[in-house]
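Below is one structure, written out as structure tokens; the observations come after it.
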Amino acid sequence: MREKLPQMTITRCYLCATPLPNKLTWCKLLTQTKAPVVCEKCLRKFEPVTCQQQKYKDVTAIYHYNEPMKDFLHQYKFMRDVVLSKVFREQISQHLKDEKATIVPIPMHPEKLKERTFAHIDELLNAANIPFTHLLEKKLPTTQSSKSKREREQSDQLFRLKQHVTIEKIHYVLVDDIITTGTTIRHAKSLLLEAGAEKVTAFTLIQG
Amino acid sequence: MHFKLNKSQPLKNLYVPHHLINDQLRDFLMGRLWLYEHLPFLKETIHQHIKMGYIQTIPGIRMIPTTHKLFSNKKYICNRCHNENPEFFAHFNCAKCQQICVYCRHCIKMGRVSNCSSLVKWIGPQRKNLSSYHPKLNRSHLFRWKGVFTPQQQKASEELIDSVKKNLVHLLHAVCGSGKTEILFPVVAECLMQHKRVCVATPRTDVVLELAPRFQKVFPNIFIQALYGGATVEKRYSPLIIATTHQLYRFEEVFDVVIVDEADAFPYTFDETLQQAVEKAKKPDAPILYVTATPSDELKEKVEKLKGGYSFIPRRYHGHPLLVPRYVSLFNYQKQITKGKIPKKLRDWTSLRLTNEEPFLLFFPTIELMEKAVPLFQKLHPAIEAVHADDPNRKEKVAALREKKVPGLLTTTILERGVTIPKVQVAIVGAESGIFTASALIQIGGRVGRSADCPTGDLVFFHHGITFEMDEARKEIMMLNDMEVLM
Ligand SMILES: [Zn+2]
Ligand SMILES: [Zn+2]
Ligand SMILES: [Zn+2]
């Protein structure tokens, strides 16, 4: 169960702690964009992926995996600084808010979830106000990165369908934080297609 | 035999079954305030000790209900770093405790402390002190230092010992290169002889890395633990800890003496919780010894108010005066560097250092400007490197400069203190920038002429206009040079 969190006004950059300018512009009021939680200097360090630079077919990534992004992901996922889910909420919202397809986050194993205390993909989507549906389940708690590439290619299906879900003949968009080899997405995609999905594409925050 | 341990009673006076204690766990945890989930011991071992009443667990975050009408929110306090500022607390839906959970962002770099995480501390029997292990421990075994003090250094070192005896706060005001680390050796030796636990704290990791081996050399037979972000923490007892002030969040009421080195360095001066961390880590009446080349007025007043001790060393240990900076105008240097050109005066200065094979440090006001300048300087000599605060290879690059593998380094203010390089020449590019306060300028100037065989050198402030801070620094340096020296 998700409970509503208390509203906090954000006065400092979440990444470098410098005070944020509190500009309330008409543009912001009219377009209802959310106030940024990081300063412009920090935001500029992240490098967007252009159309030509997209590495994988049917996958849209928004940022490159440069040093500042490595630090960000480390602090978010491994230091478990949950509020960093808000850093890219505007960018994620821009990409997904008009999406007609059903959004499906890559799931975490329940054991891993308890250890991390939050589902990092779900939180990215929550922060961006994007509704989503969980259809998949992770079979094993082992992490991708502890296996070699070869092992990953050869391993059996990483996911299974959740109980009592039916896959319709529609378009699904998978969401993950980072795509490095494409294996995770490929596994999830083939499972959904086999179960009857019409089309499966993917969206990731980072392209490794 | 059976007995119940009552947590509120002091355990020292009770009979305790020592054979049940895991010595390693005790030695590690004594004085520490550690995240339960980060304890490097088996869960069963930890639980056993909790059951025996030797380890106390406390919640990571304390909650205080506020009765204020306007703020229905609760007030939070982090039990590790004592942060109370609501800006540094974050809420989230926690999958572990299945409710809205709070965590402290202020000290998150040391592992997240949340509502549902516990901190542990040792409340069991204390470790027997060194003498019971080494009854023959004598001063010469403990303390191996063959240096000779100048009369001023001798006087200051005795004054420090005196203040510790009286449990008094002390300010050691010693100019750069006056051998202040050496001045600390006798007082540390004195404390260790009495089985006191000592911490040398400094705001900067670089200083920890420089100090630890120097202390280890003169105290070869004790285990010195150096603590900083990313350091390997050994599961042993250490009577002498050399740590960044940040790391003191992880200690509680344990040190008999805390020495705060470079007491004026950022971020110690700005961050009140860091100052609290020092207070929290030491025993309530343990003295703090502040060491700095540039004490702030606040620090001087604080020590005065507490009727603490004060030692002042205006001269460098080799007796030569401090270098007085030369001002050299360098108008529009920012524009020129941005356009891909090193201003002529700066290029000439650098070329002269390269011809004379003198190592040099070039200080820049911002990383951005420095990064633009690096490729330009590398055209003068391909081995020239740059360092900044987040550079993972900083240590190696400074070592390379010392070993003359690198002719010179471009740097931000990160190298303003704690770095000793023989014969180094220093220039500041943009000395008028706000980041170069008088104390920063004095510290930077202190890098030059530190060794007795080469007490001179060049110190240039390249500027786009002279500031009050630049003049303050120069005045202070000249004043220190004019002071009467007791010999
Ligand atoms: Zn920032
Ligand atoms: Zn904290
Ligand atoms: Zn929790």
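Each chain in the structure tokens gets a letter, A, B, ..., in the order shown, and its residues are numbered from 1; ligands are numbered from 1 in order too.
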
Next item on the list: Up to 8 Å from chain A, what residues of chain B turn up? Count only C-alpha atoms and give them as JSON, numbers by chain.
Entry: {"B": [87, 90, 91, 92, 93, 94, 95, 96, 98, 99, 100, 105, 108, 109, 111, 112]}

List all protein, DNA and RNA residues that have at least one atom no more than 8 Å from any atom of ligand 2, counting only C-alpha atoms and all ligand atoms, and write them as a PDB file with all heavy atoms, in the first residue's frame.
```
ATOM      1  N   ILE B  77      15.282  13.917  14.535  1.00  0.00           N
ATOM      2  CA  ILE B  77      16.700  14.100  14.834  1.00  0.00           C
ATOM      3  C   ILE B  77      17.426  12.823  14.436  1.00  0.00           C
ATOM      4  O   ILE B  77      16.981  11.728  14.770  1.00  0.00           O
ATOM      5  CB  ILE B  77      16.939  14.372  16.335  1.00  0.00           C
ATOM      6  CG1 ILE B  77      16.224  15.645  16.773  1.00  0.00           C
ATOM      7  CG2 ILE B  77      18.434  14.476  16.640  1.00  0.00           C
ATOM      8  CD1 ILE B  77      16.251  15.881  18.257  1.00  0.00           C
ATOM      9  N   CYS B  78      18.511  12.970  13.697  1.00  0.00           N
ATOM     10  CA  CYS B  78      19.297  11.795  13.319  1.00  0.00           C
ATOM     11  C   CYS B  78      20.180  11.416  14.507  1.00  0.00           C
ATOM     12  O   CYS B  78      20.934  12.239  15.008  1.00  0.00           O
ATOM     13  CB  CYS B  78      20.161  12.115  12.100  1.00  0.00           C
ATOM     14  SG  CYS B  78      21.337  10.820  11.708  1.00  0.00           S
ATOM     15  N   ASN B  79      20.064  10.180  14.940  1.00  0.00           N
ATOM     16  CA  ASN B  79      20.842   9.764  16.104  1.00  0.00           C
ATOM     17  C   ASN B  79      22.317   9.555  15.790  1.00  0.00           C
ATOM     18  O   ASN B  79      23.118   9.387  16.689  1.00  0.00           O
ATOM     19  CB  ASN B  79      20.261   8.480  16.700  1.00  0.00           C
ATOM     20  CG  ASN B  79      19.192   8.791  17.729  1.00  0.00           C
ATOM     21  OD1 ASN B  79      19.191   9.863  18.346  1.00  0.00           O
ATOM     22  ND2 ASN B  79      18.261   7.866  17.915  1.00  0.00           N
ATOM     23  N   ARG B  80      22.681   9.566  14.520  1.00  0.00           N
ATOM     24  CA  ARG B  80      24.095   9.441  14.204  1.00  0.00           C
ATOM     25  C   ARG B  80      24.752  10.809  14.062  1.00  0.00           C
ATOM     26  O   ARG B  80      25.707  11.113  14.741  1.00  0.00           O
ATOM     27  CB  ARG B  80      24.325   8.630  12.931  1.00  0.00           C
ATOM     28  CG  ARG B  80      25.816   8.509  12.619  1.00  0.00           C
ATOM     29  CD  ARG B  80      26.126   7.497  11.555  1.00  0.00           C
ATOM     30  NE  ARG B  80      25.565   7.887  10.272  1.00  0.00           N
ATOM     31  CZ  ARG B  80      25.540   7.080   9.211  1.00  0.00           C
ATOM     32  NH1 ARG B  80      26.034   5.866   9.299  1.00  0.00           N
ATOM     33  NH2 ARG B  80      25.020   7.483   8.087  1.00  0.00           N
ATOM     34  N   CYS B  81      24.210  11.665  13.167  1.00  0.00           N
ATOM     35  CA  CYS B  81      24.891  12.944  12.926  1.00  0.00           C
ATOM     36  C   CYS B  81      24.221  14.095  13.682  1.00  0.00           C
ATOM     37  O   CYS B  81      24.680  15.228  13.604  1.00  0.00           O
ATOM     38  CB  CYS B  81      24.970  13.242  11.435  1.00  0.00           C
ATOM     39  SG  CYS B  81      23.426  13.753  10.687  1.00  0.00           S
ATOM     40  N   HIS B  82      23.154  13.809  14.386  1.00  0.00           N
ATOM     41  CA  HIS B  82      22.438  14.816  15.176  1.00  0.00           C
ATOM     42  C   HIS B  82      21.832  15.940  14.324  1.00  0.00           C
ATOM     43  O   HIS B  82      21.539  17.003  14.842  1.00  0.00           O
ATOM     44  CB  HIS B  82      23.329  15.392  16.273  1.00  0.00           C
ATOM     45  CG  HIS B  82      23.615  14.404  17.367  1.00  0.00           C
ATOM     46  ND1 HIS B  82      24.130  14.760  18.582  1.00  0.00           N
ATOM     47  CD2 HIS B  82      23.431  13.068  17.429  1.00  0.00           C
ATOM     48  CE1 HIS B  82      24.273  13.667  19.328  1.00  0.00           C
ATOM     49  NE2 HIS B  82      23.860  12.638  18.642  1.00  0.00           N
ATOM     50  N   ASN B  83      21.685  15.683  13.056  1.00  0.00           N
ATOM     51  CA  ASN B  83      21.032  16.670  12.193  1.00  0.00           C
ATOM     52  C   ASN B  83      19.574  16.844  12.605  1.00  0.00           C
ATOM     53  O   ASN B  83      18.866  15.882  12.846  1.00  0.00           O
ATOM     54  CB  ASN B  83      21.118  16.181  10.739  1.00  0.00           C
ATOM     55  CG  ASN B  83      20.181  16.936   9.811  1.00  0.00           C
ATOM     56  OD1 ASN B  83      20.094  18.154   9.879  1.00  0.00           O
ATOM     57  ND2 ASN B  83      19.473  16.204   8.972  1.00  0.00           N
ATOM     58  N   TYR B 103      14.450   9.129   6.354  1.00  0.00           N
ATOM     59  CA  TYR B 103      15.891   8.915   6.469  1.00  0.00           C
ATOM     60  C   TYR B 103      16.633  10.237   6.441  1.00  0.00           C
ATOM     61  O   TYR B 103      16.110  11.251   5.998  1.00  0.00           O
ATOM     62  CB  TYR B 103      16.413   7.952   5.393  1.00  0.00           C
ATOM     63  CG  TYR B 103      16.338   8.441   3.964  1.00  0.00           C
ATOM     64  CD1 TYR B 103      17.418   9.093   3.372  1.00  0.00           C
ATOM     65  CD2 TYR B 103      15.193   8.242   3.197  1.00  0.00           C
ATOM     66  CE1 TYR B 103      17.369   9.512   2.054  1.00  0.00           C
ATOM     67  CE2 TYR B 103      15.134   8.670   1.880  1.00  0.00           C
ATOM     68  CZ  TYR B 103      16.215   9.311   1.309  1.00  0.00           C
ATOM     69  OH  TYR B 103      16.173   9.736   0.017  1.00  0.00           O
ATOM     70  N   CYS B 104      17.869  10.189   6.943  1.00  0.00           N
ATOM     71  CA  CYS B 104      18.680  11.401   7.038  1.00  0.00           C
ATOM     72  C   CYS B 104      19.567  11.482   5.804  1.00  0.00           C
ATOM     73  O   CYS B 104      20.341  10.579   5.524  1.00  0.00           O
ATOM     74  CB  CYS B 104      19.536  11.338   8.302  1.00  0.00           C
ATOM     75  SG  CYS B 104      20.692  12.705   8.434  1.00  0.00           S
ATOM     76  N   ARG B 105      19.440  12.583   5.065  1.00  0.00           N
ATOM     77  CA  ARG B 105      20.277  12.757   3.876  1.00  0.00           C
ATOM     78  C   ARG B 105      21.601  13.417   4.243  1.00  0.00           C
ATOM     79  O   ARG B 105      22.537  13.441   3.453  1.00  0.00           O
ATOM     80  CB  ARG B 105      19.561  13.622   2.821  1.00  0.00           C
ATOM     81  CG  ARG B 105      18.275  13.011   2.300  1.00  0.00           C
ATOM     82  CD  ARG B 105      17.793  13.742   1.064  1.00  0.00           C
ATOM     83  NE  ARG B 105      18.624  13.444  -0.085  1.00  0.00           N
ATOM     84  CZ  ARG B 105      19.154  14.355  -0.889  1.00  0.00           C
ATOM     85  NH1 ARG B 105      18.944  15.641  -0.672  1.00  0.00           N
ATOM     86  NH2 ARG B 105      19.895  13.993  -1.914  1.00  0.00           N
ATOM     87  N   HIS B 106      21.655  13.970   5.448  1.00  0.00           N
ATOM     88  CA  HIS B 106      22.843  14.719   5.842  1.00  0.00           C
ATOM     89  C   HIS B 106      24.079  13.826   5.964  1.00  0.00           C
ATOM     90  O   HIS B 106      25.170  14.233   5.623  1.00  0.00           O
ATOM     91  CB  HIS B 106      22.569  15.433   7.170  1.00  0.00           C
ATOM     92  CG  HIS B 106      23.649  16.363   7.573  1.00  0.00           C
ATOM     93  ND1 HIS B 106      24.619  16.017   8.467  1.00  0.00           N
ATOM     94  CD2 HIS B 106      23.938  17.616   7.172  1.00  0.00           C
ATOM     95  CE1 HIS B 106      25.447  17.030   8.608  1.00  0.00           C
ATOM     96  NE2 HIS B 106      25.067  18.014   7.836  1.00  0.00           N
ATOM     97  N   CYS B 107      23.869  12.601   6.441  1.00  0.00           N
ATOM     98  CA  CYS B 107      25.034  11.722   6.635  1.00  0.00           C
ATOM     99  C   CYS B 107      24.913  10.470   5.770  1.00  0.00           C
ATOM    100  O   CYS B 107      25.498   9.434   6.071  1.00  0.00           O
ATOM    101  CB  CYS B 107      25.204  11.364   8.108  1.00  0.00           C
ATOM    102  SG  CYS B 107      23.824  10.496   8.850  1.00  0.00           S
ATOM    103  N   ILE B 108      24.165  10.562   4.680  1.00  0.00           N
ATOM    104  CA  ILE B 108      23.853   9.374   3.867  1.00  0.00           C
ATOM    105  C   ILE B 108      25.096   8.740   3.242  1.00  0.00           C
ATOM    106  O   ILE B 108      25.127   7.548   2.986  1.00  0.00           O
ATOM    107  CB  ILE B 108      22.801   9.716   2.783  1.00  0.00           C
ATOM    108  CG1 ILE B 108      22.213   8.419   2.191  1.00  0.00           C
ATOM    109  CG2 ILE B 108      23.371  10.618   1.702  1.00  0.00           C
ATOM    110  CD1 ILE B 108      20.943   8.620   1.413  1.00  0.00           C
ATOM    111  N   VAL B 113      20.832   6.096   7.243  1.00  0.00           N
ATOM    112  CA  VAL B 113      20.194   5.911   8.541  1.00  0.00           C
ATOM    113  C   VAL B 113      18.721   6.256   8.378  1.00  0.00           C
ATOM    114  O   VAL B 113      18.379   7.377   8.029  1.00  0.00           O
ATOM    115  CB  VAL B 113      20.809   6.831   9.620  1.00  0.00           C
ATOM    116  CG1 VAL B 113      20.002   6.782  10.903  1.00  0.00           C
ATOM    117  CG2 VAL B 113      22.250   6.449   9.892  1.00  0.00           C
TER     118      VAL B 113
END
```

Note to self: Just list as number ranges by chain whatever in segment 6-208 of chain A DSSP marks as strand (DSSP E).
What the structure shows: A: 59-64, 102-105, 136-138, 159-161, 171-179, 199-207

May I have the selected residues written with N, CA and C atoms, as a tab-separated table (two decimals), in the first residue's frame?
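To be explicit, this is the file written out as again_31.tsv:
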```tsv
chain	number	residue	atom	x	y	z
A	59	VAL	N	14.03	0.82	-28.42
A	59	VAL	CA	14.31	1.27	-27.05
A	59	VAL	C	14.65	2.75	-27.09
A	60	THR	N	13.97	3.55	-26.25
A	60	THR	CA	14.31	4.96	-26.15
A	60	THR	C	15.03	5.18	-24.83
A	61	ALA	N	16.28	5.68	-24.92
A	61	ALA	CA	17.01	6.01	-23.69
A	61	ALA	C	17.15	7.53	-23.66
A	62	ILE	N	17.17	8.14	-22.46
A	62	ILE	CA	17.29	9.60	-22.48
A	62	ILE	C	18.67	10.14	-22.10
A	63	TYR	N	19.46	9.37	-21.37
A	63	TYR	CA	20.79	9.90	-21.01
A	63	TYR	C	21.90	8.88	-21.23
A	64	HIS	N	23.10	9.43	-21.45
A	64	HIS	CA	24.30	8.59	-21.53
A	64	HIS	C	24.77	8.24	-20.12
A	102	THR	N	0.39	0.55	-22.52
A	102	THR	CA	0.45	0.22	-21.09
A	102	THR	C	1.91	0.18	-20.65
A	103	ILE	N	2.18	0.88	-19.56
A	103	ILE	CA	3.55	0.97	-19.07
A	103	ILE	C	3.82	-0.16	-18.08
A	104	VAL	N	4.89	-0.91	-18.34
A	104	VAL	CA	5.22	-2.06	-17.49
A	104	VAL	C	6.64	-1.93	-16.95
A	105	PRO	N	6.79	-1.67	-15.66
A	105	PRO	CA	8.15	-1.56	-15.11
A	105	PRO	C	8.82	-2.92	-15.01
A	136	LEU	N	5.01	-8.51	-14.66
A	136	LEU	CA	6.09	-9.50	-14.60
A	136	LEU	C	6.58	-9.72	-13.19
A	137	GLU	N	7.25	-10.87	-13.03
A	137	GLU	CA	7.89	-11.20	-11.76
A	137	GLU	C	9.29	-11.68	-12.04
A	138	LYS	N	10.23	-11.28	-11.20
A	138	LYS	CA	11.61	-11.75	-11.34
A	138	LYS	C	11.67	-13.15	-10.72
A	159	PHE	N	12.26	-13.78	-16.25
A	159	PHE	CA	10.96	-13.39	-15.68
A	159	PHE	C	9.88	-14.44	-15.91
A	160	ARG	N	8.80	-14.29	-15.16
A	160	ARG	CA	7.58	-15.03	-15.47
A	160	ARG	C	6.42	-14.06	-15.31
A	161	LEU	N	5.26	-14.44	-15.86
A	161	LEU	CA	4.10	-13.56	-15.71
A	161	LEU	C	3.58	-13.65	-14.29
A	171	HIS	N	-0.23	-2.73	-27.23
A	171	HIS	CA	1.16	-2.26	-27.18
A	171	HIS	C	1.59	-2.06	-25.72
A	172	TYR	N	2.73	-2.62	-25.34
A	172	TYR	CA	3.27	-2.44	-23.99
A	172	TYR	C	4.62	-1.71	-24.06
A	173	VAL	N	4.88	-0.85	-23.07
A	173	VAL	CA	6.19	-0.19	-22.99
A	173	VAL	C	6.88	-0.63	-21.70
A	174	LEU	N	7.99	-1.31	-21.85
A	174	LEU	CA	8.77	-1.73	-20.68
A	174	LEU	C	9.61	-0.55	-20.19
A	175	VAL	N	9.77	-0.44	-18.87
A	175	VAL	CA	10.59	0.66	-18.34
A	175	VAL	C	11.68	0.10	-17.43
A	176	ASP	N	12.92	0.52	-17.69
A	176	ASP	CA	14.04	0.12	-16.83
A	176	ASP	C	14.92	1.35	-16.58
A	177	ASP	N	15.81	1.26	-15.59
A	177	ASP	CA	16.66	2.42	-15.30
A	177	ASP	C	17.80	2.54	-16.31
A	178	ILE	N	18.41	1.38	-16.62
A	178	ILE	CA	19.57	1.43	-17.50
A	178	ILE	C	19.58	0.24	-18.44
A	179	ILE	N	20.01	0.47	-19.67
A	179	ILE	CA	20.16	-0.65	-20.60
A	179	ILE	C	21.64	-0.76	-20.92
A	199	LYS	N	2.68	-5.57	-29.54
A	199	LYS	CA	3.93	-4.86	-29.78
A	199	LYS	C	4.55	-4.53	-28.42
A	200	VAL	N	5.87	-4.66	-28.32
A	200	VAL	CA	6.55	-4.31	-27.07
A	200	VAL	C	7.75	-3.42	-27.38
A	201	THR	N	7.75	-2.21	-26.83
A	201	THR	CA	8.91	-1.34	-26.95
A	201	THR	C	9.43	-1.07	-25.53
A	202	ALA	N	10.50	-0.28	-25.43
A	202	ALA	CA	11.05	-0.03	-24.09
A	202	ALA	C	11.53	1.40	-23.94
A	203	PHE	N	11.57	1.81	-22.68
A	203	PHE	CA	12.04	3.15	-22.33
A	203	PHE	C	13.00	3.00	-21.17
A	204	THR	N	14.21	3.59	-21.30
A	204	THR	CA	15.13	3.55	-20.16
A	204	THR	C	15.67	4.95	-19.90
A	205	LEU	N	16.02	5.18	-18.64
A	205	LEU	CA	16.58	6.49	-18.28
A	205	LEU	C	17.97	6.63	-18.88
A	206	ILE	N	18.72	5.51	-18.81
A	206	ILE	CA	20.14	5.58	-19.21
A	206	ILE	C	20.48	4.52	-20.25
A	207	GLN	N	21.41	4.87	-21.11
A	207	GLN	CA	21.95	3.92	-22.07
A	207	GLN	C	23.43	3.74	-21.74
```

Next item on the list: Please provide as JSON, numbers by chain all residues within 8 Å of Phe215 of chain B, with the sequence filter that same-chain residues fewer than 4 positions apart are discarded (counting only C-alpha atoms).
Entry: {"B": [185, 211, 219, 224]}

For the selection you just gave me, I'd like the residues written to a file as a JSON list (two decimals), in the first residue's frame, keeping N, CA, C and O atoms.
```json
[["chain", "number", "residue", "atom", "x", "y", "z"],
["B", 185, "PHE", "N", 53.42, 15.63, 18.43],
["B", 185, "PHE", "CA", 53.89, 14.31, 18.81],
["B", 185, "PHE", "C", 54.02, 14.11, 20.33],
["B", 185, "PHE", "O", 53.50, 13.13, 20.85],
["B", 211, "LEU", "N", 48.86, 12.82, 7.18],
["B", 211, "LEU", "CA", 49.22, 12.69, 8.60],
["B", 211, "LEU", "C", 49.42, 11.24, 9.05],
["B", 211, "LEU", "O", 50.34, 10.95, 9.81],
["B", 219, "PHE", "N", 55.03, 6.41, 15.97],
["B", 219, "PHE", "CA", 54.41, 5.49, 16.94],
["B", 219, "PHE", "C", 54.29, 4.12, 16.28],
["B", 219, "PHE", "O", 53.21, 3.65, 15.97],
["B", 224, "ILE", "N", 47.33, 2.48, 14.28],
["B", 224, "ILE", "CA", 46.67, 3.75, 13.99],
["B", 224, "ILE", "C", 45.65, 3.53, 12.89],
["B", 224, "ILE", "O", 45.99, 3.02, 11.82]]
```

Next item on the list: Can you work out the spacing between atom CA of Ala431 of chain B and atom CA of Pro365 of chain B in Å, to one decimal?
Entry: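 Computing the Euclidean distance for atom CA of Ala431 of chain B and atom CA of Pro365 of chain B yields 7.7 Å.
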
I'd like a table as JSON lines: residues in chain A with an atom no more than 8 Å from ligand 1, each row giving the shortest atom pair and its distance in Å to one decimal, only C-alpha atoms and all ligand atoms counted, sorted by chain and rising residue number.
```
{"residue": "A:Arg12", "atom": "CA", "partner": "ligand 1", "partner_atom_place_in_ligand_line": "1 (Zn)", "distance": 7.9}
{"residue": "A:Cys13", "atom": "CA", "partner": "ligand 1", "partner_atom_place_in_ligand_line": "1 (Zn)", "distance": 4.7}
{"residue": "A:Tyr14", "atom": "CA", "partner": "ligand 1", "partner_atom_place_in_ligand_line": "1 (Zn)", "distance": 6.6}
{"residue": "A:Leu15", "atom": "CA", "partner": "ligand 1", "partner_atom_place_in_ligand_line": "1 (Zn)", "distance": 5.0}
{"residue": "A:Cys16", "atom": "CA", "partner": "ligand 1", "partner_atom_place_in_ligand_line": "1 (Zn)", "distance": 4.1}
{"residue": "A:Ala17", "atom": "CA", "partner": "ligand 1", "partner_atom_place_in_ligand_line": "1 (Zn)", "distance": 6.1}
{"residue": "A:Thr18", "atom": "CA", "partner": "ligand 1", "partner_atom_place_in_ligand_line": "1 (Zn)", "distance": 6.0}
{"residue": "A:Val38", "atom": "CA", "partner": "ligand 1", "partner_atom_place_in_ligand_line": "1 (Zn)", "distance": 5.1}
{"residue": "A:Cys39", "atom": "CA", "partner": "ligand 1", "partner_atom_place_in_ligand_line": "1 (Zn)", "distance": 4.2}
{"residue": "A:Glu40", "atom": "CA", "partner": "ligand 1", "partner_atom_place_in_ligand_line": "1 (Zn)", "distance": 6.7}
{"residue": "A:Lys41", "atom": "CA", "partner": "ligand 1", "partner_atom_place_in_ligand_line": "1 (Zn)", "distance": 5.8}
{"residue": "A:Cys42", "atom": "CA", "partner": "ligand 1", "partner_atom_place_in_ligand_line": "1 (Zn)", "distance": 4.3}
{"residue": "A:Leu43", "atom": "CA", "partner": "ligand 1", "partner_atom_place_in_ligand_line": "1 (Zn)", "distance": 7.2}
```

Hey, can you spit out that residue selection with all heavy atoms as a compact mmCIF listing (two decimals), in the first residue's frame?
```txt
# COMPACT_ATOMS: atom_id res chain seq x y z
N ARG A 12 17.01 23.20 -1.59
CA ARG A 12 18.41 23.00 -1.99
C ARG A 12 18.50 21.94 -3.07
O ARG A 12 17.70 21.02 -3.10
CB ARG A 12 19.21 22.46 -0.80
CG ARG A 12 19.55 23.46 0.23
CD ARG A 12 19.99 22.70 1.47
NE ARG A 12 20.07 23.56 2.62
CZ ARG A 12 21.12 24.30 2.90
NH1 ARG A 12 22.17 24.27 2.12
NH2 ARG A 12 21.12 25.07 3.96
N CYS A 13 19.51 22.07 -3.90
CA CYS A 13 19.78 21.06 -4.93
C CYS A 13 20.02 19.71 -4.26
O CYS A 13 20.82 19.60 -3.34
CB CYS A 13 21.01 21.49 -5.73
SG CYS A 13 21.61 20.23 -6.86
N TYR A 14 19.31 18.69 -4.72
CA TYR A 14 19.45 17.35 -4.15
C TYR A 14 20.83 16.75 -4.37
O TYR A 14 21.22 15.81 -3.71
CB TYR A 14 18.41 16.41 -4.76
CG TYR A 14 17.07 16.41 -4.06
CD1 TYR A 14 15.96 15.83 -4.66
CD2 TYR A 14 16.92 16.96 -2.79
CE1 TYR A 14 14.73 15.81 -4.03
CE2 TYR A 14 15.70 16.95 -2.15
CZ TYR A 14 14.60 16.37 -2.76
OH TYR A 14 13.39 16.35 -2.13
N LEU A 15 21.57 17.27 -5.32
CA LEU A 15 22.86 16.67 -5.62
C LEU A 15 24.04 17.44 -5.03
O LEU A 15 25.02 16.85 -4.62
CB LEU A 15 23.04 16.51 -7.14
CG LEU A 15 22.04 15.55 -7.80
CD1 LEU A 15 22.24 15.53 -9.29
CD2 LEU A 15 22.18 14.15 -7.23
N CYS A 16 23.96 18.78 -5.01
CA CYS A 16 25.12 19.51 -4.49
C CYS A 16 24.76 20.41 -3.31
O CYS A 16 25.63 21.11 -2.78
CB CYS A 16 25.78 20.33 -5.60
SG CYS A 16 24.80 21.72 -6.15
N ALA A 17 23.50 20.42 -2.90
CA ALA A 17 23.03 21.15 -1.71
C ALA A 17 23.12 22.68 -1.79
O ALA A 17 22.91 23.35 -0.80
CB ALA A 17 23.73 20.65 -0.44
N THR A 18 23.41 23.22 -2.97
CA THR A 18 23.37 24.68 -3.05
C THR A 18 21.90 25.12 -3.08
O THR A 18 21.05 24.42 -3.61
CB THR A 18 24.06 25.23 -4.32
OG1 THR A 18 23.48 24.57 -5.46
CG2 THR A 18 25.53 25.03 -4.31
N VAL A 38 17.06 19.79 -8.68
CA VAL A 38 18.51 19.97 -8.77
C VAL A 38 18.81 21.30 -9.45
O VAL A 38 17.98 21.83 -10.19
CB VAL A 38 19.21 18.83 -9.56
CG1 VAL A 38 19.20 17.55 -8.77
CG2 VAL A 38 18.58 18.64 -10.91
N CYS A 39 20.00 21.82 -9.20
CA CYS A 39 20.35 23.10 -9.79
C CYS A 39 20.72 22.91 -11.27
O CYS A 39 20.96 21.80 -11.72
CB CYS A 39 21.52 23.73 -9.03
SG CYS A 39 23.08 22.89 -9.26
N GLU A 40 20.77 24.02 -11.99
CA GLU A 40 21.03 23.92 -13.42
C GLU A 40 22.43 23.39 -13.71
O GLU A 40 22.66 22.67 -14.67
CB GLU A 40 20.84 25.29 -14.08
CG GLU A 40 19.38 25.61 -14.27
CD GLU A 40 19.15 26.98 -14.88
OE1 GLU A 40 20.09 27.50 -15.52
OE2 GLU A 40 18.04 27.50 -14.71
N LYS A 41 23.36 23.76 -12.82
CA LYS A 41 24.73 23.32 -13.01
C LYS A 41 24.82 21.79 -12.95
O LYS A 41 25.49 21.17 -13.77
CB LYS A 41 25.60 23.95 -11.92
CG LYS A 41 27.06 24.02 -12.28
CD LYS A 41 27.82 24.76 -11.21
CE LYS A 41 29.26 24.29 -11.20
NZ LYS A 41 29.99 24.69 -10.02
N CYS A 42 24.14 21.21 -11.97
CA CYS A 42 24.16 19.75 -11.85
C CYS A 42 23.44 19.10 -13.03
O CYS A 42 23.90 18.09 -13.56
CB CYS A 42 23.50 19.31 -10.55
SG CYS A 42 24.56 19.57 -9.12
N LEU A 43 22.32 19.68 -13.44
CA LEU A 43 21.53 19.10 -14.52
C LEU A 43 22.31 19.09 -15.85
O LEU A 43 22.21 18.17 -16.64
CB LEU A 43 20.22 19.88 -14.67
CG LEU A 43 19.12 19.16 -15.45
CD1 LEU A 43 18.77 17.83 -14.81
CD2 LEU A 43 17.87 20.03 -15.53
```

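The space separating atom CA of Thr202 of chain B from atom CA of Val257 of chain B comes to 13.9 Å.
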
Notebook entry, point to check: By how many Å are atom CA of Lys51 of chain B and atom CA of Asn22 of chain B apart?
Noted result: 13.4 Å

Next item on the list: Just the residues within 6 Å of Gly60 of chain B, please, counting only C-alpha atoms, with nothing from its chain fewer than 2 positions along; format it as a list in words.
Entry: Asn79, Val113, Ser114, Asn115, Ser117, Ser118 and Leu119 of chain B

Next item on the list: May I have the residues within 6 Å of segment 301-313 of chain B as a VMD selection string, using only C-alpha atoms and disregarding those fewer than 3 positions away in the same chain?
Entry: chain B and resid 156 168 to 174 298
